[in-house]
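Colleague: For reference, the file my_file-v4.csv (CSV, N, CA and C atoms) is included below:
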```csv
chain,number,residue,atom,x,y,z
A,24,MET,N,82.6,92.6,202.8
A,24,MET,CA,81.9,91.7,203.7
A,24,MET,C,80.4,91.6,203.2
A,25,ASN,N,79.7,92.6,203.1
A,25,ASN,CA,78.3,92.6,202.7
A,25,ASN,C,78.1,93.6,201.6
A,26,GLN,N,77.2,93.4,200.7
A,26,GLN,CA,76.8,94.3,199.7
A,26,GLN,C,75.8,95.3,200.4
A,27,PHE,N,76.2,96.4,200.9
A,27,PHE,CA,75.4,97.3,201.7
A,27,PHE,C,74.1,97.7,200.9
A,28,GLU,N,74.2,97.8,199.6
A,28,GLU,CA,73.1,98.2,198.8
A,28,GLU,C,71.9,97.2,198.9
A,29,ASN,N,72.2,96.0,199.3
A,29,ASN,CA,71.2,95.0,199.4
A,29,ASN,C,70.5,94.9,200.8
A,30,LEU,N,71.1,95.6,201.7
A,30,LEU,CA,70.6,95.6,203.1
A,30,LEU,C,69.4,96.5,203.2
A,31,ASN,N,68.3,95.9,203.7
A,31,ASN,CA,67.0,96.7,203.8
A,31,ASN,C,67.1,97.8,204.8
A,32,VAL,N,67.9,97.7,205.8
A,32,VAL,CA,68.1,98.8,206.8
A,32,VAL,C,68.8,99.9,206.1
A,33,TRP,N,69.8,99.6,205.2
A,33,TRP,CA,70.4,100.7,204.5
A,33,TRP,C,69.5,101.4,203.5
A,34,LYS,N,68.7,100.7,202.8
A,34,LYS,CA,67.7,101.2,201.9
A,34,LYS,C,66.7,102.1,202.7
A,35,LYS,N,66.2,101.6,203.8
A,35,LYS,CA,65.2,102.4,204.6
A,35,LYS,C,65.9,103.7,205.1
A,36,SER,N,67.1,103.6,205.5
A,36,SER,CA,67.8,104.8,206.1
A,36,SER,C,68.1,105.8,205.0
A,37,MET,N,68.3,105.3,203.8
A,37,MET,CA,68.5,106.3,202.6
A,37,MET,C,67.2,107.0,202.4
A,38,ASP,N,66.1,106.3,202.4
A,38,ASP,CA,64.8,107.0,202.3
A,38,ASP,C,64.5,108.0,203.4
A,39,LEU,N,64.9,107.6,204.6
A,39,LEU,CA,64.8,108.5,205.7
A,39,LEU,C,65.6,109.8,205.5
A,40,VAL,N,66.8,109.7,205.0
A,40,VAL,CA,67.6,110.9,204.7
A,40,VAL,C,66.8,111.8,203.7
A,41,CYS,N,66.3,111.3,202.7
A,41,CYS,CA,65.5,112.1,201.7
A,41,CYS,C,64.4,112.8,202.3
A,42,GLU,N,63.6,112.1,203.2
A,42,GLU,CA,62.5,112.7,203.9
A,42,GLU,C,63.0,113.8,204.9
A,43,VAL,N,64.1,113.6,205.6
A,43,VAL,CA,64.6,114.6,206.5
A,43,VAL,C,65.0,115.9,205.7
A,44,TYR,N,65.6,115.7,204.6
A,44,TYR,CA,66.0,116.9,203.8
A,44,TYR,C,64.8,117.7,203.3
A,45,LYS,N,63.7,117.0,203.0
A,45,LYS,CA,62.5,117.7,202.6
A,45,LYS,C,61.9,118.5,203.8
A,46,LEU,N,61.9,117.9,205.0
A,46,LEU,CA,61.4,118.5,206.2
A,46,LEU,C,62.2,119.7,206.6
A,47,MET,N,63.5,119.7,206.4
A,47,MET,CA,64.4,120.7,206.8
A,47,MET,C,64.1,122.1,206.1
A,48,LYS,N,63.4,122.0,204.9
A,48,LYS,CA,63.0,123.2,204.2
A,48,LYS,C,62.0,124.0,205.0
A,49,LEU,N,61.3,123.4,205.9
A,49,LEU,CA,60.3,124.0,206.7
A,49,LEU,C,60.8,124.8,207.9
A,50,LEU,N,62.1,124.5,208.3
A,50,LEU,CA,62.7,125.2,209.4
A,50,LEU,C,63.1,126.6,209.0
A,51,PRO,N,63.2,127.5,210.0
A,51,PRO,CA,63.7,128.9,209.7
A,51,PRO,C,65.1,128.9,209.2
A,52,ASP,N,65.3,129.9,208.3
A,52,ASP,CA,66.6,130.0,207.6
A,52,ASP,C,67.7,130.3,208.6
A,53,ASN,N,67.4,130.9,209.7
A,53,ASN,CA,68.4,131.2,210.7
A,53,ASN,C,69.0,130.0,211.4
A,54,GLU,N,68.3,128.8,211.2
A,54,GLU,CA,68.8,127.6,211.7
A,54,GLU,C,69.6,126.8,210.7
A,55,ARG,N,69.9,127.4,209.6
A,55,ARG,CA,70.6,126.7,208.5
A,55,ARG,C,72.0,126.1,209.0
A,56,TYR,N,72.7,126.9,209.8
A,56,TYR,CA,74.0,126.5,210.2
A,56,TYR,C,74.0,125.9,211.6
A,57,GLY,N,72.8,125.8,212.2
A,57,GLY,CA,72.7,125.2,213.5
A,57,GLY,C,72.0,123.9,213.4
A,58,LEU,N,70.7,123.9,213.8
A,58,LEU,CA,70.0,122.6,213.9
A,58,LEU,C,69.8,121.9,212.6
A,59,ILE,N,69.5,122.7,211.5
A,59,ILE,CA,69.3,122.1,210.2
A,59,ILE,C,70.5,121.3,209.8
A,60,SER,N,71.7,121.9,209.9
A,60,SER,CA,72.9,121.3,209.6
A,60,SER,C,73.2,120.0,210.4
A,61,GLN,N,72.9,120.1,211.7
A,61,GLN,CA,73.2,119.0,212.6
A,61,GLN,C,72.2,117.8,212.2
A,62,ILE,N,71.0,118.1,212.0
A,62,ILE,CA,70.0,117.1,211.7
A,62,ILE,C,70.3,116.4,210.3
A,63,LYS,N,70.7,117.2,209.4
A,63,LYS,CA,71.1,116.6,208.1
A,63,LYS,C,72.3,115.7,208.3
A,64,ARG,N,73.3,116.1,209.0
A,64,ARG,CA,74.6,115.3,209.2
A,64,ARG,C,74.3,114.0,209.9
A,65,CYS,N,73.5,114.1,211.0
A,65,CYS,CA,73.2,112.8,211.7
A,65,CYS,C,72.3,111.9,210.9
A,66,SER,N,71.4,112.4,210.0
A,66,SER,CA,70.6,111.5,209.2
A,66,SER,C,71.5,110.8,208.2
A,67,VAL,N,72.4,111.6,207.6
A,67,VAL,CA,73.3,111.0,206.6
A,67,VAL,C,74.3,110.0,207.2
A,68,SER,N,74.6,110.2,208.5
A,68,SER,CA,75.5,109.3,209.2
A,68,SER,C,74.9,107.9,209.3
A,69,ILE,N,73.6,107.8,209.3
A,69,ILE,CA,73.0,106.4,209.5
A,69,ILE,C,73.3,105.5,208.4
A,70,PRO,N,72.9,105.8,207.1
A,70,PRO,CA,73.3,104.9,206.0
A,70,PRO,C,74.8,104.8,205.8
A,71,SER,N,75.5,105.9,206.0
A,71,SER,CA,76.9,106.0,205.8
A,71,SER,C,77.6,105.0,206.7
A,72,ASN,N,77.3,104.9,208.0
A,72,ASN,CA,77.9,104.0,208.9
A,72,ASN,C,77.5,102.6,208.6
A,73,ILE,N,76.3,102.3,208.2
A,73,ILE,CA,75.9,101.0,207.8
A,73,ILE,C,76.8,100.5,206.6
A,74,ALA,N,76.9,101.4,205.6
A,74,ALA,CA,77.7,101.1,204.4
A,74,ALA,C,79.2,100.9,204.8
A,75,GLU,N,79.7,101.7,205.6
A,75,GLU,CA,81.1,101.6,206.0
A,75,GLU,C,81.4,100.3,206.7
A,76,GLY,N,80.5,100.0,207.7
A,76,GLY,CA,80.6,98.7,208.4
A,76,GLY,C,80.6,97.5,207.5
A,77,ALA,N,79.6,97.6,206.5
A,77,ALA,CA,79.5,96.5,205.6
A,77,ALA,C,80.8,96.3,204.8
A,78,GLY,N,81.5,97.3,204.6
A,78,GLY,CA,82.7,97.3,203.8
A,78,GLY,C,83.9,96.9,204.6
A,79,ARG,N,83.8,96.7,205.9
A,79,ARG,CA,84.9,96.3,206.7
A,79,ARG,C,85.2,94.8,206.6
A,80,ASN,N,86.3,94.4,207.2
A,80,ASN,CA,86.8,93.0,207.0
A,80,ASN,C,86.4,92.1,208.1
A,81,SER,N,85.7,92.5,209.1
A,81,SER,CA,85.3,91.6,210.1
A,81,SER,C,83.9,91.9,210.6
A,82,SER,N,83.3,90.9,211.2
A,82,SER,CA,82.0,91.0,211.8
A,82,SER,C,82.0,92.0,213.0
A,83,LYS,N,83.1,91.9,213.7
A,83,LYS,CA,83.2,92.8,214.9
A,83,LYS,C,83.2,94.3,214.4
A,84,GLU,N,83.9,94.6,213.4
A,84,GLU,CA,83.9,96.0,212.9
A,84,GLU,C,82.5,96.3,212.3
A,85,PHE,N,81.9,95.4,211.6
A,85,PHE,CA,80.6,95.7,211.1
A,85,PHE,C,79.6,96.0,212.2
A,86,ILE,N,79.6,95.2,213.3
A,86,ILE,CA,78.8,95.5,214.4
A,86,ILE,C,79.1,96.8,215.0
A,87,HIS,N,80.3,97.2,215.1
A,87,HIS,CA,80.7,98.5,215.7
A,87,HIS,C,80.1,99.6,214.9
A,88,PHE,N,80.2,99.6,213.6
A,88,PHE,CA,79.6,100.6,212.7
A,88,PHE,C,78.1,100.6,212.7
A,89,LEU,N,77.5,99.4,212.9
A,89,LEU,CA,76.0,99.4,213.1
A,89,LEU,C,75.6,100.1,214.4
A,90,SER,N,76.4,99.9,215.4
A,90,SER,CA,76.2,100.5,216.7
A,90,SER,C,76.3,102.1,216.5
A,91,ILE,N,77.2,102.5,215.8
A,91,ILE,CA,77.3,104.0,215.5
A,91,ILE,C,76.1,104.5,214.8
A,92,ALA,N,75.6,103.7,213.8
A,92,ALA,CA,74.4,104.1,213.1
A,92,ALA,C,73.2,104.2,214.0
A,93,ASN,N,73.1,103.2,215.0
A,93,ASN,CA,72.1,103.3,216.0
A,93,ASN,C,72.1,104.6,216.8
A,94,GLY,N,73.4,104.9,217.2
A,94,GLY,CA,73.5,106.2,217.9
A,94,GLY,C,73.1,107.4,217.1
A,95,SER,N,73.4,107.4,215.9
A,95,SER,CA,73.0,108.5,215.0
A,95,SER,C,71.5,108.5,214.8
A,96,THR,N,70.8,107.4,214.8
A,96,THR,CA,69.4,107.3,214.7
A,96,THR,C,68.7,107.9,216.0
A,97,CYS,N,69.3,107.6,217.1
A,97,CYS,CA,68.8,108.2,218.4
A,97,CYS,C,69.0,109.7,218.4
A,98,GLU,N,70.2,110.1,217.9
A,98,GLU,CA,70.5,111.5,217.8
A,98,GLU,C,69.4,112.2,217.0
A,99,LEU,N,69.1,111.6,215.8
A,99,LEU,CA,68.2,112.2,214.9
A,99,LEU,C,66.8,112.3,215.6
A,100,GLU,N,66.4,111.3,216.2
A,100,GLU,CA,65.1,111.3,216.9
A,100,GLU,C,65.0,112.5,217.9
A,101,THR,N,66.1,112.6,218.7
A,101,THR,CA,66.2,113.7,219.7
A,101,THR,C,66.1,115.1,219.0
A,102,GLN,N,66.8,115.3,217.9
A,102,GLN,CA,66.8,116.6,217.3
A,102,GLN,C,65.5,116.9,216.6
A,103,LEU,N,64.8,115.8,216.1
A,103,LEU,CA,63.5,116.0,215.5
A,103,LEU,C,62.5,116.5,216.6
A,104,LEU,N,62.6,115.8,217.7
A,104,LEU,CA,61.7,116.2,218.9
A,104,LEU,C,62.0,117.6,219.3
A,105,LEU,N,63.3,118.0,219.2
A,105,LEU,CA,63.7,119.4,219.6
A,105,LEU,C,63.0,120.4,218.7
A,106,THR,N,62.9,120.1,217.4
A,106,THR,CA,62.3,121.0,216.5
A,106,THR,C,60.8,121.3,216.9
A,107,VAL,N,60.2,120.3,217.5
A,107,VAL,CA,58.8,120.5,218.0
A,107,VAL,C,58.8,121.3,219.2
A,108,LYS,N,59.7,121.0,220.1
A,108,LYS,CA,59.8,121.7,221.4
A,108,LYS,C,60.1,123.2,221.2
A,109,LEU,N,60.9,123.5,220.1
A,109,LEU,CA,61.2,124.9,219.8
A,109,LEU,C,60.1,125.5,218.9
A,110,ASP,N,59.0,124.8,218.7
A,110,ASP,CA,57.9,125.3,217.9
A,110,ASP,C,58.3,125.7,216.4
A,111,PHE,N,59.2,125.0,215.9
A,111,PHE,CA,59.6,125.1,214.5
A,111,PHE,C,58.6,124.4,213.6
A,112,ILE,N,58.2,123.2,214.0
A,112,ILE,CA,57.2,122.4,213.3
A,112,ILE,C,56.3,121.7,214.3
A,113,ASN,N,55.3,121.1,213.9
A,113,ASN,CA,54.4,120.4,214.8
A,113,ASN,C,54.7,118.9,214.8
A,114,LYS,N,54.3,118.2,215.9
A,114,LYS,CA,54.6,116.8,216.1
A,114,LYS,C,54.1,115.9,214.9
A,115,GLY,N,52.9,116.3,214.4
A,115,GLY,CA,52.4,115.5,213.3
A,115,GLY,C,53.3,115.5,212.1
A,116,GLN,N,54.1,116.5,211.9
A,116,GLN,CA,55.0,116.6,210.8
A,116,GLN,C,56.2,115.7,210.9
A,117,ILE,N,56.5,115.3,212.1
A,117,ILE,CA,57.7,114.4,212.3
A,117,ILE,C,57.3,113.0,212.7
A,118,ASP,N,56.0,112.7,212.9
A,118,ASP,CA,55.6,111.4,213.3
A,118,ASP,C,56.1,110.3,212.4
A,119,VAL,N,56.0,110.5,211.1
A,119,VAL,CA,56.4,109.5,210.1
A,119,VAL,C,57.9,109.2,210.2
A,120,LEU,N,58.7,110.3,210.4
A,120,LEU,CA,60.1,110.2,210.5
A,120,LEU,C,60.5,109.5,211.8
A,121,LEU,N,59.8,109.8,212.9
A,121,LEU,CA,60.1,109.1,214.1
A,121,LEU,C,59.8,107.6,214.0
A,122,ASN,N,58.7,107.3,213.4
A,122,ASN,CA,58.4,105.9,213.1
A,122,ASN,C,59.5,105.2,212.3
A,123,SER,N,59.9,105.9,211.3
A,123,SER,CA,61.0,105.3,210.4
A,123,SER,C,62.3,105.1,211.3
A,124,CYS,N,62.6,106.1,212.1
A,124,CYS,CA,63.8,105.9,213.0
A,124,CYS,C,63.6,104.7,213.9
A,125,ARG,N,62.5,104.5,214.5
A,125,ARG,CA,62.3,103.3,215.3
A,125,ARG,C,62.4,102.0,214.5
A,126,GLU,N,61.8,102.0,213.3
A,126,GLU,CA,61.9,100.8,212.5
A,126,GLU,C,63.4,100.5,212.1
A,127,ILE,N,64.1,101.6,211.8
A,127,ILE,CA,65.5,101.4,211.4
A,127,ILE,C,66.3,100.9,212.6
A,128,ARG,N,66.0,101.4,213.8
A,128,ARG,CA,66.7,100.9,215.0
A,128,ARG,C,66.4,99.4,215.2
A,129,ASN,N,65.2,99.0,215.0
A,129,ASN,CA,64.8,97.6,215.2
A,129,ASN,C,65.5,96.7,214.1
A,130,MET,N,65.5,97.2,212.9
A,130,MET,CA,66.1,96.5,211.8
A,130,MET,C,67.6,96.4,212.1
A,131,ASN,N,68.2,97.4,212.6
A,131,ASN,CA,69.6,97.4,212.9
A,131,ASN,C,70.0,96.5,214.0
A,132,TYR,N,69.2,96.5,215.1
A,132,TYR,CA,69.4,95.5,216.1
A,132,TYR,C,69.3,94.1,215.6
A,133,SER,N,68.3,93.8,214.8
A,133,SER,CA,68.2,92.5,214.2
A,133,SER,C,69.4,92.1,213.4
A,134,LEU,N,69.9,93.0,212.6
A,134,LEU,CA,71.1,92.8,211.8
A,134,LEU,C,72.3,92.5,212.7
A,135,GLN,N,72.4,93.3,213.7
A,135,GLN,CA,73.5,93.1,214.6
A,135,GLN,C,73.5,91.6,215.2
A,136,ARG,N,72.3,91.2,215.7
A,136,ARG,CA,72.1,89.9,216.2
A,136,ARG,C,72.5,88.8,215.2
A,137,SER,N,72.1,89.0,214.0
A,137,SER,CA,72.4,88.1,212.9
A,137,SER,C,73.9,88.0,212.6
A,138,VAL,N,74.5,89.1,212.6
A,138,VAL,CA,76.0,89.1,212.3
A,138,VAL,C,76.7,88.5,213.5
A,139,LYS,N,76.3,88.7,214.7
A,139,LYS,CA,76.9,88.1,215.8
A,139,LYS,C,76.8,86.5,215.8
A,140,GLN,N,75.7,86.0,215.3
A,140,GLN,CA,75.4,84.6,215.2
A,140,GLN,C,76.1,83.9,214.1
A,141,SER,N,76.6,84.7,213.1
A,141,SER,CA,77.2,84.0,211.9
A,141,SER,C,78.7,83.8,212.1
```
Can you give me the file's structure in the form of structure tokens?
Modeller:
Amino acid sequence: MNQFENLNVWKKSMDLVCEVYKLMKLLPDNERYGLISQIKRCSVSIPSNIAEGAGRNSSKEFIHFLSIANGSTCELETQLLLTVKLDFINKGQIDVLLNSCREIRNMNYSLQRSVKQS
């Protein structure tokens, strides 16, 4: 359906994954199989679902996977905020990531509207 590699929202979400992986090195080792693993999984889920939806055969399916990507973006934001609440890192360390999440959500909503109209 779409070349996902050309979608700006996919590119931005791939960059976000890289930044998330860097930040996770700051969390305590005892969270490796807990919060760190969950944060990495949901961050990877964002571009993965965008790509999977783009590879589907219908606009309806594409929109469905974009919606899943939005859910993963909100999940990531929640978990990043939780790292601050648990005093693993400070708010300033996640502000750029939270802004990227919000930008990705806005881009995703715009893409969904565009796909619905086509």
Colleague: I want to know what sits within 8 Å of stretch 116-124 of chain A, based on only C-alpha atoms, with residues of the same chain fewer than 4 positions away left out; could you give that as a ChimeraX atom specification?
Modeller: /A:35,39,42-43,96-97,99-100,103-104,112,128
Colleague: I need the residue nearest A:Leu89 from this list: A:Thr106, A:Tyr132, A:Asn53, A:Leu58. Use all atoms listed in the file for the distance.
Modeller: A:Tyr132
Colleague: For stretch 66-68 of chain A, work out the shell of residues within 7 Å, counting only C-alpha atoms and skipping chain neighbours fewer than 4 positions away, then give it as a CSV table (one decimal) with N, CA and C atoms, in the frame of the given file.
Modeller:
```
chain,number,residue,atom,x,y,z
A,40,VAL,N,66.8,109.7,205.0
A,40,VAL,CA,67.6,110.9,204.7
A,40,VAL,C,66.8,111.8,203.7
A,62,ILE,N,71.0,118.1,212.0
A,62,ILE,CA,70.0,117.1,211.7
A,62,ILE,C,70.3,116.4,210.3
A,72,ASN,N,77.3,104.9,208.0
A,72,ASN,CA,77.9,104.0,208.9
A,72,ASN,C,77.5,102.6,208.6
A,92,ALA,N,75.6,103.7,213.8
A,92,ALA,CA,74.4,104.1,213.1
A,92,ALA,C,73.2,104.2,214.0
A,95,SER,N,73.4,107.4,215.9
A,95,SER,CA,73.0,108.5,215.0
A,95,SER,C,71.5,108.5,214.8
A,99,LEU,N,69.1,111.6,215.8
A,99,LEU,CA,68.2,112.2,214.9
A,99,LEU,C,66.8,112.3,215.6
```
Colleague: Quick one: of A:Arg125, A:Glu28, A:Lys48, A:Ile73, who's nearest to A:Thr101, counting only C-alpha atoms?
Modeller: A:Arg125
Colleague: Quick one, how far is atom CA of A:Met130 from atom CA of A:Met47?
Modeller: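 Separation of atom CA of A:Met130 and atom CA of A:Met47: 24.8 Å.
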Colleague: A:Val138, A:Leu50, A:Cys65, A:Ile59: which is nearest A:Phe85, counting all atoms listed in the file?
Modeller: A:Val138
Colleague: Go through chain A and collect every residue that DSSP, computed from the backbone, puts in alpha helix (DSSP H); the answer should be as a ChimeraX atom specification.
Modeller: /A:31-47,58-77,82-108,114-140
Colleague: Considering all atoms listed in the file, can you say which of A:Glu98, A:Leu49, A:Ser36, A:Tyr56 comes closest to A:Ile69?
Modeller: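 Counting all atoms listed in the file, the residue closest to A:Ile69 is A:Ser36.
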Colleague: One number please: atom CA of A:Ile86 to atom CA of A:Gln26, in Å, one decimal.
Modeller: 14.9 Å
Colleague: Please, what distance in Å, to one decimal, runs between atom CA of A:Ala74 and atom CA of A:Arg136?
Modeller: 17.2 Å
Colleague: May I have the residues within 12 Å of A:Ser81 as an mmCIF file with N, CA and C atoms, in the frame of the given file, using only C-alpha atoms and disregarding those fewer than 4 positions away in the same chain?
Modeller:
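Final output, saved to out-v5.cif:
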```
data_model
loop_
_atom_site.group_PDB
_atom_site.id
_atom_site.type_symbol
_atom_site.label_atom_id
_atom_site.label_comp_id
_atom_site.auth_asym_id
_atom_site.auth_seq_id
_atom_site.Cartn_x
_atom_site.Cartn_y
_atom_site.Cartn_z
ATOM 1 N N MET A 24 82.600 92.600 202.800
ATOM 2 C CA MET A 24 81.900 91.700 203.700
ATOM 3 C C MET A 24 80.400 91.600 203.200
ATOM 4 N N ASN A 25 79.700 92.600 203.100
ATOM 5 C CA ASN A 25 78.300 92.600 202.700
ATOM 6 C C ASN A 25 78.100 93.600 201.600
ATOM 7 N N GLU A 75 79.700 101.700 205.600
ATOM 8 C CA GLU A 75 81.100 101.600 206.000
ATOM 9 C C GLU A 75 81.400 100.300 206.700
ATOM 10 N N GLY A 76 80.500 100.000 207.700
ATOM 11 C CA GLY A 76 80.600 98.700 208.400
ATOM 12 C C GLY A 76 80.600 97.500 207.500
ATOM 13 N N ALA A 77 79.600 97.600 206.500
ATOM 14 C CA ALA A 77 79.500 96.500 205.600
ATOM 15 C C ALA A 77 80.800 96.300 204.800
ATOM 16 N N PHE A 85 81.900 95.400 211.600
ATOM 17 C CA PHE A 85 80.600 95.700 211.100
ATOM 18 C C PHE A 85 79.600 96.000 212.200
ATOM 19 N N ILE A 86 79.600 95.200 213.300
ATOM 20 C CA ILE A 86 78.800 95.500 214.400
ATOM 21 C C ILE A 86 79.100 96.800 215.000
ATOM 22 N N HIS A 87 80.300 97.200 215.100
ATOM 23 C CA HIS A 87 80.700 98.500 215.700
ATOM 24 C C HIS A 87 80.100 99.600 214.900
ATOM 25 N N PHE A 88 80.200 99.600 213.600
ATOM 26 C CA PHE A 88 79.600 100.600 212.700
ATOM 27 C C PHE A 88 78.100 100.600 212.700
ATOM 28 N N VAL A 138 74.500 89.100 212.600
ATOM 29 C CA VAL A 138 76.000 89.100 212.300
ATOM 30 C C VAL A 138 76.700 88.500 213.500
ATOM 31 N N LYS A 139 76.300 88.700 214.700
ATOM 32 C CA LYS A 139 76.900 88.100 215.800
ATOM 33 C C LYS A 139 76.800 86.500 215.800
ATOM 34 N N SER A 141 76.600 84.700 213.100
ATOM 35 C CA SER A 141 77.200 84.000 211.900
ATOM 36 C C SER A 141 78.700 83.800 212.100
#
```
Colleague: Which residue gives the smallest distance to A:Gln135 among A:Glu54, A:Phe27, A:Ser60, A:Ser90, with all atoms listed in the file counted?
Modeller: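 Ranking A:Glu54, A:Phe27, A:Ser60, A:Ser90 by distance to A:Gln135, first place goes to A:Ser90.
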